[in-house]
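Working notes for the structure below.
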2 protein chains.
Amino acid sequence: MTPWPAAKVGDAATAIDTPALILDLDAFERNIALMANTLKAKGIRLRAHAKSHKCPEIAKIQIAHGAVGICCQKVSEAAVFVAAGIQDVLVTNQIISPLKAKKLFALARTATIGILVDAPQQVEVLRAEALLTGCAMDVYVEVNVGSNRCGVSPQDAVTLSNLVTQSAPLRFAGLHCYHGAAQHLRNPAERKTAIEQASKLANEVRNALQAQGIFCQRISGAGTGTFLHECDSGIFDEVQAGSYIFMDRDYGENEAGPNDLRFENALFIQTSVMSFPQSNRAVVDAGLKAFSVDSGMPAVWQRPDLQLTKASDEHGVIEVSNPERIHLGDYLTLIPGHCDPTVNLYDELVCIRNNRVEAIWPISARGALL
Amino acid sequence: MTPWPAAKVGDAATAIDTPALILDLDAFERNIALMANTLKAKGIRLRAHAKSHKCPEIAKIQIAHGAVGICCQKVSEAAVFVAAGIQDVLVTNQIISPLKAKKLFALARTATIGILVDAPQQVEVLRAEALLTGCAMDVYVEVNVGSNRCGVSPQDAVTLSNLVTQSAPLRFAGLHCYHGAAQHLRNPAERKTAIEQASKLANEVRNALQAQGIFCQRISGAGTGTFLHECDSGIFDEVQAGSYIFMDRDYGENEAGPNDLRFENALFIQTSVMSFPQSNRAVVDAGLKAFSVDSGMPAVWQRPDLQLTKASDEHGVIEVSNPERIHLGDYLTLIPGHCDPTVNLYDELVCIRNNRVEAIWPISARGALL
């Protein structure tokens with residue numbers, strides 16, 4: 001960890017040590033309200049994805065605004081949130097090791113915990129631990145509805161769901177039909193088509209289950225890029241969006257559809273120009289350890305004249321088109337290419353309002369990989 | 001942080017929770033010895049770059065094997081190592097804020113600290129703090145010898161060096177001539193040519209300084225990909241290599257020159273197949289939060305039949321060409337694409353010998369961005 005914090009409550013924004021991860025509280029709160037009000041009006045549950053923020057303070061705000069609980073991607077991530085008082089966590093991932101099953105069921109003693117499966121062996125591992133601990137657990141069958149990552153084929157979903165229903169004390173809770181790849185299709189019509197197809201597949205599985213007398217209580221999925229389509233499908237009843245609270249450069253490049261909501265950039269990296277060796281090249285103190293580049297380089301906020309073109313471990317190289325407008329020591333504000341893995345690089349969120357540090361929120365599940 | 005460790009000392013390697021960052025101690029120790037012996041024979045100093053490992057235990061081993069000290073990339077990183085007892089740290093970077101200067105000079109009370117400059121304003125900030133604290137400090141002028149990142153042009157290096165010599169209690173310590181871009185040129189002849197050119201520029205600056213009566217005690221630079229050329233130049237007298245202890249997939253793709261040393265892969269990510277939904281696709285529990293992808297995807301160690309083709313936050317998608325050779329629950333071992341930002345994702349190194357966990361080393365400077 002950094003041996004001193006980037007800022008403390010009450011500091012002026014101009015006194016923040018750099019690089020630092022910044023949350024614009026006004027924009028963040030508007031994003032929280034926009035999502036909460038939209039889903040409330042539609043009668044759809046929000047189970048906010050906490051992998052985006054890894055921050056119990058934010059999870060609590062999401063729940064205070066109506067979220068039924070959170071999603072986590074890892075058992076250890078869930079453990080951090082349960083320890084912080086979050087009562088309902090769905091781990092939207094598979095586990096196969098008895099050790100992880102033991103850790104997961106330990107959480108189920110005090111919280112409502114759910115987990116995904118896409119293979120009979122995972123059901124067996126979970127069932128063994130459930131029997132050992134005498135503890136029930138919600139199990140969702142993940143269906144591959146287009147992302148081609150995890151998930152059984154729609155054809156195999158009934159067999160696996162059947163197995164779960166026969167594996168008490170596990171409880172078959174429903175289907176997990178998340179189409180991650182659709183979130184970042186640039187064209188709004190393509191996103192709509194992808195989710196129409198995903199919804200059709202999810203509905204076919206639900207009907208096939210019903211034909212076998214298996215009640216599917218919940219179809220959960222959807223992310224920030226497409227959730228309105230899942231809402232409008234009449235099939236999904238739970239949305240797992242996470243990025244809407246922050247947004248990032250990559251989401252900003254999605255072409256907006258006619259009805260898409262306007263979530264705002266609320267997550268930034270504050271950085272300093274530490275070197276300006278040539279009139280067309282400045283170097284900031286944020287590099288590969290201050291932002292992830294899996295979705296491309298960060299953009300420089302409100303500075304189309306500056307392009308971050310290259311990053312090494314602790315340097316970001318900025319192409320300067322107007323050298324009069326940038327100086328050694330200047331603060332620059334970056335919009336991360338991808339918010340989730342960028343947040344995971346920091347221990348704290350420096351929360352800003354009216355150019356003052358209003359709060360410091362620990363990113364408590366940072367590095368919770370297990 | 002992860003609420004439980006991936007492993008504890010004495011565990012079998014097969015009991016490690018995944019994903020985990022693994023150090024093969026035998027390979028690591030051979031790398032340490034190979035570098036130490038090579039540089040000793042050549043009479044060149046090693047100032048090992050600690051940004052690669054961020055781990056005081058490793059820095060102490062490097063120093064025990066003859067390194068004169070370490071490099072760090074950030075003031076806060078240096079602070080972690082000084083607190084752990086490292087006595088000689090060169091921060092191979094510029095700083096421009098008085099706050100960082102204050103933190104840096106605080107370290108100089110108990111340790112030998114150096115810093116780079118490439119602009120007069122940086123010299124001013126350092127000098128102001130030096131005068132305030134009555135503390136001297138080694139200052140190196142960074143020269144751009146080909147990487148086009150930071151660094152003054154060779155033509156401007158004399159003027160800036162002159163300024164440093166006139167800025168007591170700062171001490172002009174020498175030139176920093178690091179050619180990062182040359183490390184990853186695939187062709188050995190191209191690497192050689194790049195460093196010959198860098199050495200020529202460094203030598204021209206030294207001669208120009210000498211002509212003005214400025215003694216240049218040290219020319220420091222060089223990384224794992226090229227250091228033999230810097231050693232052979234007769235110009236460089238200090239090597240800043242870091243990655244040699246670990247190696248990574250990207251370095252492995254450098255075509256070896258006739259005399260290049262064979263450092264071994266010692267750093268791995270242990271991961272598990274958590275989903276195997278199709279005969280040609282398996283999914284492991286390591287994704288963008290378990291390895292960096294700035295230098296491309298990790299390779300699967302000793303498994304040319306498996307290609308990690310896609311990564312999301314906590315998933316790595318493996319293209320399988322021989323489905324009989326992989327099973328749900330299997331451990332797979334990944335070679336990170338780029339070691340430095342991958343290490344920065346973990347709190348601990350799980351150190352393995354003879355398939356047992358021999359030690360757990362904290363990555364104490366993980367996240368030390370300031």
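Chain identifiers are assigned as A, B, and so on, following the order in which chains appear in the structure tokens; residues are numbered from 1 within each chain, and ligands are numbered from 1 in order of appearance.
The shell of residues at most 8 Å from B:Ala78, with only C-alpha atoms counted and near chain neighbours (fewer than 5 positions) removed, consists of Cys72, Gln73, Val89 and Val91 of chain B.
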**Study point:** Selection: 10 Å around A:Pro336, only C-alpha atoms, excl. self and same-chain fewer than 4 positions, as JSON, numbers by chain
**Key:** {"A": [21, 246, 247, 248, 249, 250, 265, 267, 268, 269, 290, 291, 292, 293, 295, 296, 297, 298, 299, 300, 301, 340, 341, 342, 343]}
The selected residues should be written to file as a compact mmCIF listing (two decimals), in the first residue's frame (atoms: N, CA and C atoms).
```txt
# COMPACT_ATOMS: atom_id res chain seq x y z
N LEU A 21 -7.31 8.13 -7.55
CA LEU A 21 -8.60 7.74 -8.14
C LEU A 21 -9.68 8.62 -7.52
N PHE A 246 -20.05 4.70 -12.56
CA PHE A 246 -18.76 5.34 -12.88
C PHE A 246 -18.69 5.79 -14.35
N MET A 247 -19.08 4.87 -15.24
CA MET A 247 -18.84 4.97 -16.68
C MET A 247 -17.32 5.00 -16.96
N ASP A 248 -16.99 4.81 -18.25
CA ASP A 248 -15.58 4.83 -18.63
C ASP A 248 -15.47 5.21 -20.10
N ARG A 249 -14.25 5.34 -20.59
CA ARG A 249 -14.05 5.78 -21.97
C ARG A 249 -14.67 4.78 -22.93
N ASP A 250 -14.53 3.50 -22.62
CA ASP A 250 -15.05 2.48 -23.53
C ASP A 250 -16.58 2.58 -23.64
N ASN A 265 -19.80 10.39 -16.66
CA ASN A 265 -18.49 10.02 -16.13
C ASN A 265 -18.36 10.55 -14.71
N LEU A 267 -15.92 8.73 -12.55
CA LEU A 267 -14.65 8.15 -12.09
C LEU A 267 -13.50 8.70 -12.91
N PHE A 268 -12.50 9.21 -12.23
CA PHE A 268 -11.38 9.86 -12.92
C PHE A 268 -10.06 9.49 -12.25
N ILE A 269 -9.00 9.68 -12.98
CA ILE A 269 -7.66 9.61 -12.39
C ILE A 269 -7.07 11.01 -12.43
N ALA A 290 -1.58 2.64 -12.82
CA ALA A 290 -2.60 3.60 -12.39
C ALA A 290 -3.88 3.50 -13.22
N PHE A 291 -3.83 2.79 -14.34
CA PHE A 291 -5.04 2.55 -15.14
C PHE A 291 -4.83 1.28 -15.95
N SER A 292 -5.93 0.58 -16.22
CA SER A 292 -5.84 -0.60 -17.07
C SER A 292 -5.97 -0.17 -18.52
N VAL A 293 -5.34 -0.91 -19.41
CA VAL A 293 -5.39 -0.55 -20.83
C VAL A 293 -6.04 -1.64 -21.68
N SER A 295 -9.01 -2.01 -22.44
CA SER A 295 -9.98 -1.40 -23.36
C SER A 295 -9.40 -0.13 -23.98
N GLY A 296 -8.11 -0.06 -24.07
CA GLY A 296 -7.46 1.10 -24.69
C GLY A 296 -7.03 2.13 -23.66
N MET A 297 -6.37 3.15 -24.17
CA MET A 297 -5.81 4.19 -23.30
C MET A 297 -6.91 5.05 -22.70
N PRO A 298 -6.63 5.65 -21.55
CA PRO A 298 -7.58 6.63 -21.01
C PRO A 298 -7.67 7.85 -21.94
N ALA A 299 -8.77 8.55 -21.82
CA ALA A 299 -8.90 9.84 -22.50
C ALA A 299 -8.56 10.94 -21.50
N VAL A 300 -8.13 12.10 -22.00
CA VAL A 300 -7.90 13.25 -21.13
C VAL A 300 -9.19 14.06 -21.11
N TRP A 301 -9.75 14.18 -19.92
CA TRP A 301 -11.08 14.78 -19.71
C TRP A 301 -11.12 16.23 -20.18
N ASP A 340 -13.57 -1.12 -14.20
CA ASP A 340 -13.43 -2.19 -13.21
C ASP A 340 -11.97 -2.53 -12.87
N PRO A 341 -11.14 -2.89 -13.85
CA PRO A 341 -9.76 -3.21 -13.48
C PRO A 341 -8.94 -2.00 -13.06
N THR A 342 -9.39 -0.79 -13.40
CA THR A 342 -8.69 0.40 -12.93
C THR A 342 -8.94 0.60 -11.43
N VAL A 343 -10.19 0.48 -11.01
CA VAL A 343 -10.51 0.62 -9.58
C VAL A 343 -9.69 -0.37 -8.76
```
Check which residues of chain A sit at most 6 Å from chain B using only C-alpha atoms, and return one row each with the closest pair of atoms and their distance in Å to one decimal, ordered by chain and rising number, as JSON lines.
```
{"residue": "A:Met1", "atom": "CA", "partner": "B:Gly367", "partner_atom": "CA", "distance": 5.1}
{"residue": "A:Thr2", "atom": "CA", "partner": "B:Ala368", "partner_atom": "CA", "distance": 4.1}
{"residue": "A:Thr18", "atom": "CA", "partner": "B:Leu370", "partner_atom": "CA", "distance": 5.7}
{"residue": "A:Ser76", "atom": "CA", "partner": "B:Thr2", "partner_atom": "CA", "distance": 6.0}
{"residue": "A:Ile95", "atom": "CA", "partner": "B:Met274", "partner_atom": "CA", "distance": 5.7}
{"residue": "A:Ile96", "atom": "CA", "partner": "B:Met274", "partner_atom": "CA", "distance": 5.6}
{"residue": "A:Val152", "atom": "CA", "partner": "B:Pro277", "partner_atom": "CA", "distance": 5.9}
{"residue": "A:Met274", "atom": "CA", "partner": "B:Ile96", "partner_atom": "CA", "distance": 5.6}
{"residue": "A:Pro277", "atom": "CA", "partner": "B:Val152", "partner_atom": "CA", "distance": 5.9}
{"residue": "A:Lys289", "atom": "CA", "partner": "B:Pro341", "partner_atom": "CA", "distance": 5.8}
{"residue": "A:Gly329", "atom": "CA", "partner": "B:Ile96", "partner_atom": "CA", "distance": 5.8}
{"residue": "A:Pro341", "atom": "CA", "partner": "B:Lys289", "partner_atom": "CA", "distance": 5.8}
{"residue": "A:Ala365", "atom": "CA", "partner": "B:Met1", "partner_atom": "CA", "distance": 5.7}
{"residue": "A:Arg366", "atom": "CA", "partner": "B:Met1", "partner_atom": "CA", "distance": 5.5}
{"residue": "A:Gly367", "atom": "CA", "partner": "B:Met1", "partner_atom": "CA", "distance": 5.1}
{"residue": "A:Ala368", "atom": "CA", "partner": "B:Thr2", "partner_atom": "CA", "distance": 4.1}
{"residue": "A:Leu370", "atom": "CA", "partner": "B:Thr18", "partner_atom": "CA", "distance": 5.7}
```
Check your understanding: Do you know which residues are at most 9 Å from B:Val141 counting only C-alpha atoms, after dropping those on the same chain fewer than 3 positions away, and could you put them as a PyMOL selection string?
Key -> chain B and resi 115-119+151-152+157+160-161+164+172-177
**Study point:** Of the listed residues B:Asp88, B:Glu324, B:Asp138, B:Glu348, that which approaches B:Ile63 most closely, counting only C-alpha atoms
**Key:**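 Nearest to B:Ile63: B:Asp88.
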